[in-house]
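Q: Before I ask anything, here is the structure I am working with.
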Amino acid sequence: MWLYLVALVGLWTLLRFLRERQVVSHLQDKYVFITGCDSGFGNLLARQLDRRGMRVLAACLTEKGAEELRNKTSDRLETVILDVTKTESIVAATQWVKERVGNRGLWGLVNNAGISTPSGPNEWMKKQDFASVLDVNLLGMIEVTLSMLPLVRKARGRVVNVSSVMGRVSFFGGGYCISKYGVEAFSDSLRRELSYFGVKVAIIEPGFFLTGVTSSARLCSNIQMLWDQTSSEIREIYGEKYLASYLKSLNELDKRCNKDLSVVTDCMEHALTACHPRTRYSAGWDAKLFFIPLSYLPTFLVDAVFYWTSMKPEKAL
């Protein structure tokens, strides 16, 4: 019986492998719009798809980022300045895309733009600290998607939304984890709605990779800022040792992060170019072997893991 089971699993794995290797035809004629291309995943994906011959429309926040990207790519790649928190910027970028894709429509929309700070203990923050992250990571992504959707539908194309393992297990406070849970929920509902029109929606769930989002210097500066702005009562409850411990763990983050960003961009590329893309892509061994399995455990077990492994406030019970 076990032999039959092993054979069945082996056959299923082989069929899945062969199915996922089927590639969409005429890729050189297809347009892909990517947000957050100044650096990190978006920048690498833009260069990767350009090398593959696709028509890349790269959105950058700054002119400097756009110029640096153009210098590293072919003349096929075009850039536009986009601030996903501003409606007028999104409207202008959508019109710019429409003028380029014409009646062919937009094959791929990659919502990659995102920020991670302010993040930290929830009660160290104000409402605006949460809102500033949600405006970029969730509300900005939603508005870009809704604006570009008619063009994607016309091409029967793909929407690729960058979430995180923090959209499956919330490890820290602030707007980041909340926003990624929101990305998961929005993507699930969008996928089901757009399936009637031949549009496929994929979610990318990276583990910890070395990008601006996980920069130790930026995260430490953020925590110090939150500590300085919070009340004396909160500082007394948590204590200086808690802050020192928090800063120490963040300083070590750069060493623990995966430096090979292509692990993530390969997932994005597959979602855009495969005939049968996956619904979810878990990128990185930490995602596959720790965070995603952890998300399936009973809540009380996950809470226990957090309780026994995390730093404690000075005046904890």
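Residues are referred to by chain and number: the chain letter is A, B, ... according to the order shown in the structure tokens, the number counts from 1 in that chain, and ligands are numbered separately from 1 in the order shown.
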Could you write out, as number ranges by chain, all the residues of segment 217-311 of chain A that DSSP marks as helix (DSSP H, G or I)?

A: A: 217-229, 232-238, 240-251, 253-256, 262-273, 285-296, 299-309

Q: Counting only C-alpha atoms, what are the residues of segment 150-234 of chain A within 12 Å of segment 265-269 of chain A, and for each of them which pair of atoms is the nearest and at what distance in Å, to one decimal? Sort the table by chain and rising number, as JSON lines.

A:
```
{"residue": "A:Arg158", "atom": "CA", "partner": "A:Met268", "partner_atom": "CA", "distance": 10.6}
{"residue": "A:Val159", "atom": "CA", "partner": "A:Met268", "partner_atom": "CA", "distance": 10.1}
{"residue": "A:Val160", "atom": "CA", "partner": "A:Met268", "partner_atom": "CA", "distance": 7.0}
{"residue": "A:Asn161", "atom": "CA", "partner": "A:Met268", "partner_atom": "CA", "distance": 9.0}
{"residue": "A:Val162", "atom": "CA", "partner": "A:Met268", "partner_atom": "CA", "distance": 8.7}
{"residue": "A:Ser163", "atom": "CA", "partner": "A:Met268", "partner_atom": "CA", "distance": 11.7}
{"residue": "A:Val201", "atom": "CA", "partner": "A:Met268", "partner_atom": "CA", "distance": 11.3}
{"residue": "A:Ala202", "atom": "CA", "partner": "A:Met268", "partner_atom": "CA", "distance": 8.5}
{"residue": "A:Ile203", "atom": "CA", "partner": "A:Met268", "partner_atom": "CA", "distance": 8.8}
{"residue": "A:Ile204", "atom": "CA", "partner": "A:Met268", "partner_atom": "CA", "distance": 7.1}
{"residue": "A:Glu205", "atom": "CA", "partner": "A:Cys267", "partner_atom": "CA", "distance": 9.5}
{"residue": "A:Pro206", "atom": "CA", "partner": "A:Cys267", "partner_atom": "CA", "distance": 9.5}
{"residue": "A:Phe209", "atom": "CA", "partner": "A:Thr265", "partner_atom": "CA", "distance": 11.5}
```

Q: Those residues with C-alpha atoms, as a CSV table (one decimal), in the first residue's frame please?

A:
```csv
chain,number,residue,atom,x,y,z
A,158,ARG,CA,-2.1,38.6,-14.5
A,159,VAL,CA,-2.2,40.5,-11.2
A,160,VAL,CA,0.8,39.7,-8.9
A,161,ASN,CA,0.5,41.1,-5.3
A,162,VAL,CA,3.5,41.1,-3.0
A,163,SER,CA,2.5,40.1,0.5
A,201,VAL,CA,-4.2,36.7,-9.4
A,202,ALA,CA,-1.1,35.4,-7.6
A,203,ILE,CA,0.3,36.2,-4.1
A,204,ILE,CA,4.0,36.4,-3.4
A,205,GLU,CA,4.9,35.6,0.3
A,206,PRO,CA,8.6,36.2,0.8
A,209,PHE,CA,15.3,39.1,2.4
```

Q: Name all residues at most 10 Å from Cys60 of chain A (count only C-alpha atoms; drop same-chain ones fewer than 6 positions away) and give them as a ChimeraX atom specification.

A: /A:34-39,42-43,66-67,69,79-84,113

Q: Which one of A:His270, A:His26, A:His276, A:Arg168 sits closest to Glu184 of chain A if you count only C-alpha atoms?

A: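 Among the listed residues, the smallest separation from Glu184 of chain A belongs to A:Arg168.
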
Q: So the first atom is atom CA of Asp228 of chain A and the second is atom CA of Gly120 of chain A; what is the distance between them in Å, to one decimal place?

A: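 Distance between the two atoms: 12.8 Å.
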
Q: Give me the residues within 9 Å of Phe208 of chain A as an mmCIF file with all heavy atoms, in the first residue's frame, counting only C-alpha atoms and dropping any in the same chain fewer than 5 places off.

A:
```cif
data_model
loop_
_atom_site.group_PDB
_atom_site.id
_atom_site.type_symbol
_atom_site.label_atom_id
_atom_site.label_comp_id
_atom_site.auth_asym_id
_atom_site.auth_seq_id
_atom_site.Cartn_x
_atom_site.Cartn_y
_atom_site.Cartn_z
ATOM 1 N N SER A 164 3.660 38.939 2.248
ATOM 2 C CA SER A 164 4.801 38.609 3.106
ATOM 3 C C SER A 164 4.393 37.442 3.995
ATOM 4 O O SER A 164 3.198 37.179 4.180
ATOM 5 C CB SER A 164 5.169 39.817 3.973
ATOM 6 O OG SER A 164 6.032 39.453 5.031
ATOM 7 N N VAL A 165 5.380 36.764 4.574
ATOM 8 C CA VAL A 165 5.050 35.767 5.593
ATOM 9 C C VAL A 165 4.399 36.450 6.793
ATOM 10 O O VAL A 165 3.668 35.816 7.569
ATOM 11 C CB VAL A 165 6.293 34.975 6.052
ATOM 12 C CG1 VAL A 165 6.777 34.054 4.955
ATOM 13 C CG2 VAL A 165 7.408 35.913 6.521
ATOM 14 N N THR A 214 13.917 45.605 5.166
ATOM 15 C CA THR A 214 14.516 44.901 6.309
ATOM 16 C C THR A 214 15.850 45.512 6.744
ATOM 17 O O THR A 214 16.593 44.883 7.494
ATOM 18 C CB THR A 214 14.739 43.412 5.959
ATOM 19 O OG1 THR A 214 15.539 43.330 4.767
ATOM 20 C CG2 THR A 214 13.421 42.686 5.738
ATOM 21 N N LEU A 253 19.616 41.613 12.187
ATOM 22 C CA LEU A 253 18.690 41.177 11.138
ATOM 23 C C LEU A 253 19.366 41.061 9.776
ATOM 24 O O LEU A 253 19.092 40.130 9.011
ATOM 25 C CB LEU A 253 17.513 42.147 11.061
ATOM 26 C CG LEU A 253 16.342 41.749 10.153
ATOM 27 C CD1 LEU A 253 15.741 40.422 10.605
ATOM 28 C CD2 LEU A 253 15.278 42.835 10.148
ATOM 29 N N ARG A 256 20.828 37.747 9.140
ATOM 30 C CA ARG A 256 19.887 36.619 9.013
ATOM 31 C C ARG A 256 19.090 36.646 7.715
ATOM 32 O O ARG A 256 18.479 35.650 7.348
ATOM 33 C CB ARG A 256 18.915 36.624 10.203
ATOM 34 C CG ARG A 256 19.588 36.449 11.560
ATOM 35 C CD ARG A 256 18.596 35.966 12.603
ATOM 36 N NE ARG A 256 17.482 36.888 12.770
ATOM 37 C CZ ARG A 256 17.448 37.871 13.676
ATOM 38 N NH1 ARG A 256 18.489 38.064 14.470
ATOM 39 N NH2 ARG A 256 16.394 38.656 13.784
ATOM 40 N N CYS A 257 19.093 37.783 7.032
ATOM 41 C CA CYS A 257 18.293 37.916 5.811
ATOM 42 C C CYS A 257 18.990 37.279 4.605
ATOM 43 O O CYS A 257 20.207 37.352 4.476
ATOM 44 C CB CYS A 257 18.026 39.395 5.518
ATOM 45 S SG CYS A 257 16.815 40.134 6.611
ATOM 46 N N ASN A 258 18.190 36.699 3.738
ATOM 47 C CA ASN A 258 18.690 36.125 2.484
ATOM 48 C C ASN A 258 19.071 37.255 1.533
ATOM 49 O O ASN A 258 18.285 38.176 1.300
ATOM 50 C CB ASN A 258 17.592 35.240 1.867
ATOM 51 C CG ASN A 258 18.105 34.395 0.723
ATOM 52 O OD1 ASN A 258 19.093 34.728 0.074
ATOM 53 N ND2 ASN A 258 17.429 33.293 0.451
ATOM 54 N N GLY A 284 11.678 31.514 -0.193
ATOM 55 C CA GLY A 284 12.698 31.408 0.852
ATOM 56 C C GLY A 284 12.440 30.215 1.753
ATOM 57 O O GLY A 284 11.296 29.860 2.028
ATOM 58 N N ASP A 286 13.023 29.977 4.919
ATOM 59 C CA ASP A 286 12.395 30.353 6.195
ATOM 60 C C ASP A 286 10.878 30.414 6.052
ATOM 61 O O ASP A 286 10.139 30.029 6.959
ATOM 62 C CB ASP A 286 12.953 31.681 6.710
ATOM 63 C CG ASP A 286 12.822 32.823 5.714
ATOM 64 O OD1 ASP A 286 12.586 32.565 4.524
ATOM 65 O OD2 ASP A 286 12.970 33.995 6.139
ATOM 66 N N ALA A 287 10.412 30.868 4.877
ATOM 67 C CA ALA A 287 8.966 30.892 4.618
ATOM 68 C C ALA A 287 8.405 29.478 4.530
ATOM 69 O O ALA A 287 7.392 29.153 5.167
ATOM 70 C CB ALA A 287 8.678 31.655 3.327
#
```

Q: Would you mind listing what lies within 8 Å of Gln28 of chain A as a short mmCIF file (atom, residue, chain, number, x, y, z; two decimals) with all heavy atoms, in the first residue's frame, with only C-alpha atoms counted and same-chain residues fewer than 3 positions away left out?

A:
```cif
data_model
loop_
_atom_site.label_atom_id
_atom_site.label_comp_id
_atom_site.auth_asym_id
_atom_site.auth_seq_id
_atom_site.Cartn_x
_atom_site.Cartn_y
_atom_site.Cartn_z
N ARG A 52 14.45 39.24 -20.57
CA ARG A 52 13.66 38.18 -21.21
C ARG A 52 12.93 38.69 -22.46
O ARG A 52 12.30 37.93 -23.18
CB ARG A 52 12.66 37.61 -20.20
CG ARG A 52 11.97 36.36 -20.67
CD ARG A 52 11.59 35.45 -19.56
NE ARG A 52 11.00 34.24 -20.09
CZ ARG A 52 10.51 33.26 -19.34
NH1 ARG A 52 10.55 33.33 -18.02
NH2 ARG A 52 9.99 32.19 -19.89
N GLY A 53 12.99 39.99 -22.70
CA GLY A 53 12.39 40.55 -23.90
C GLY A 53 10.99 41.10 -23.73
O GLY A 53 10.36 41.52 -24.71
N MET A 54 10.49 41.14 -22.50
CA MET A 54 9.14 41.66 -22.27
C MET A 54 9.16 43.19 -22.26
O MET A 54 10.20 43.82 -22.07
CB MET A 54 8.57 41.12 -20.96
CG MET A 54 8.41 39.61 -20.96
SD MET A 54 7.59 38.95 -19.47
CE MET A 54 5.88 39.35 -19.83
N ARG A 55 7.99 43.79 -22.44
CA ARG A 55 7.85 45.24 -22.46
C ARG A 55 7.57 45.71 -21.03
O ARG A 55 6.43 45.60 -20.56
CB ARG A 55 6.72 45.66 -23.39
CG ARG A 55 6.81 45.07 -24.78
CD ARG A 55 8.03 45.55 -25.53
NE ARG A 55 8.01 46.96 -25.76
CZ ARG A 55 7.88 47.52 -26.96
NH1 ARG A 55 7.76 46.78 -28.03
NH2 ARG A 55 7.87 48.84 -27.08
#
```

Q: Enumerate the residues of segment 91-164 of chain A with a DSSP assignment of strand (DSSP E), computed from the backbone, and present them as a PyMOL selection string.

A: chain A and resi 108-111+158-162

Q: Could you tell me which of A:Val136, A:Leu151, A:Leu5, A:Leu49 comes closest to Arg100 of chain A if we count only C-alpha atoms?

A: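 Of A:Val136, A:Leu151, A:Leu5, A:Leu49, the one nearest Arg100 of chain A is A:Leu151, counting only C-alpha atoms.
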
Q: What is the distance between atom CA of Thr62 of chain A and atom CA of Cys177 of chain A, in Å to one decimal?

A: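 For atom CA of Thr62 of chain A relative to atom CA of Cys177 of chain A, the distance reads 25.6 Å.
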
Q: Applying 9 Å and only C-alpha atoms, which residues near Trp124 of chain A remain after dropping the ones on its own chain fewer than 4 positions away? List them as a list in words.

A: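 Within the cut-off, the hits are Gly120, Leu226, Trp227, Gln229, Thr230, Ser231, Ile234 and Arg235 of chain A.
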
Q: Taking only C-alpha atoms into account, name the residue in A:Leu15, A:Leu250, A:Leu297, A:Leu138 that is nearest to Ser119 of chain A.

A: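 Once distances to Ser119 of chain A are computed over only C-alpha atoms, the minimum belongs to A:Leu250.
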
Q: Neighbouring residues of Val133 of chain A were defined as those with any atom within 10 Å, considering only C-alpha atoms; residues of the same chain fewer than 4 positions away were excluded. Please report them as an MDAnalysis selection string.

A: chainID A and resid 85 114:119 128:129 137:140 174:179
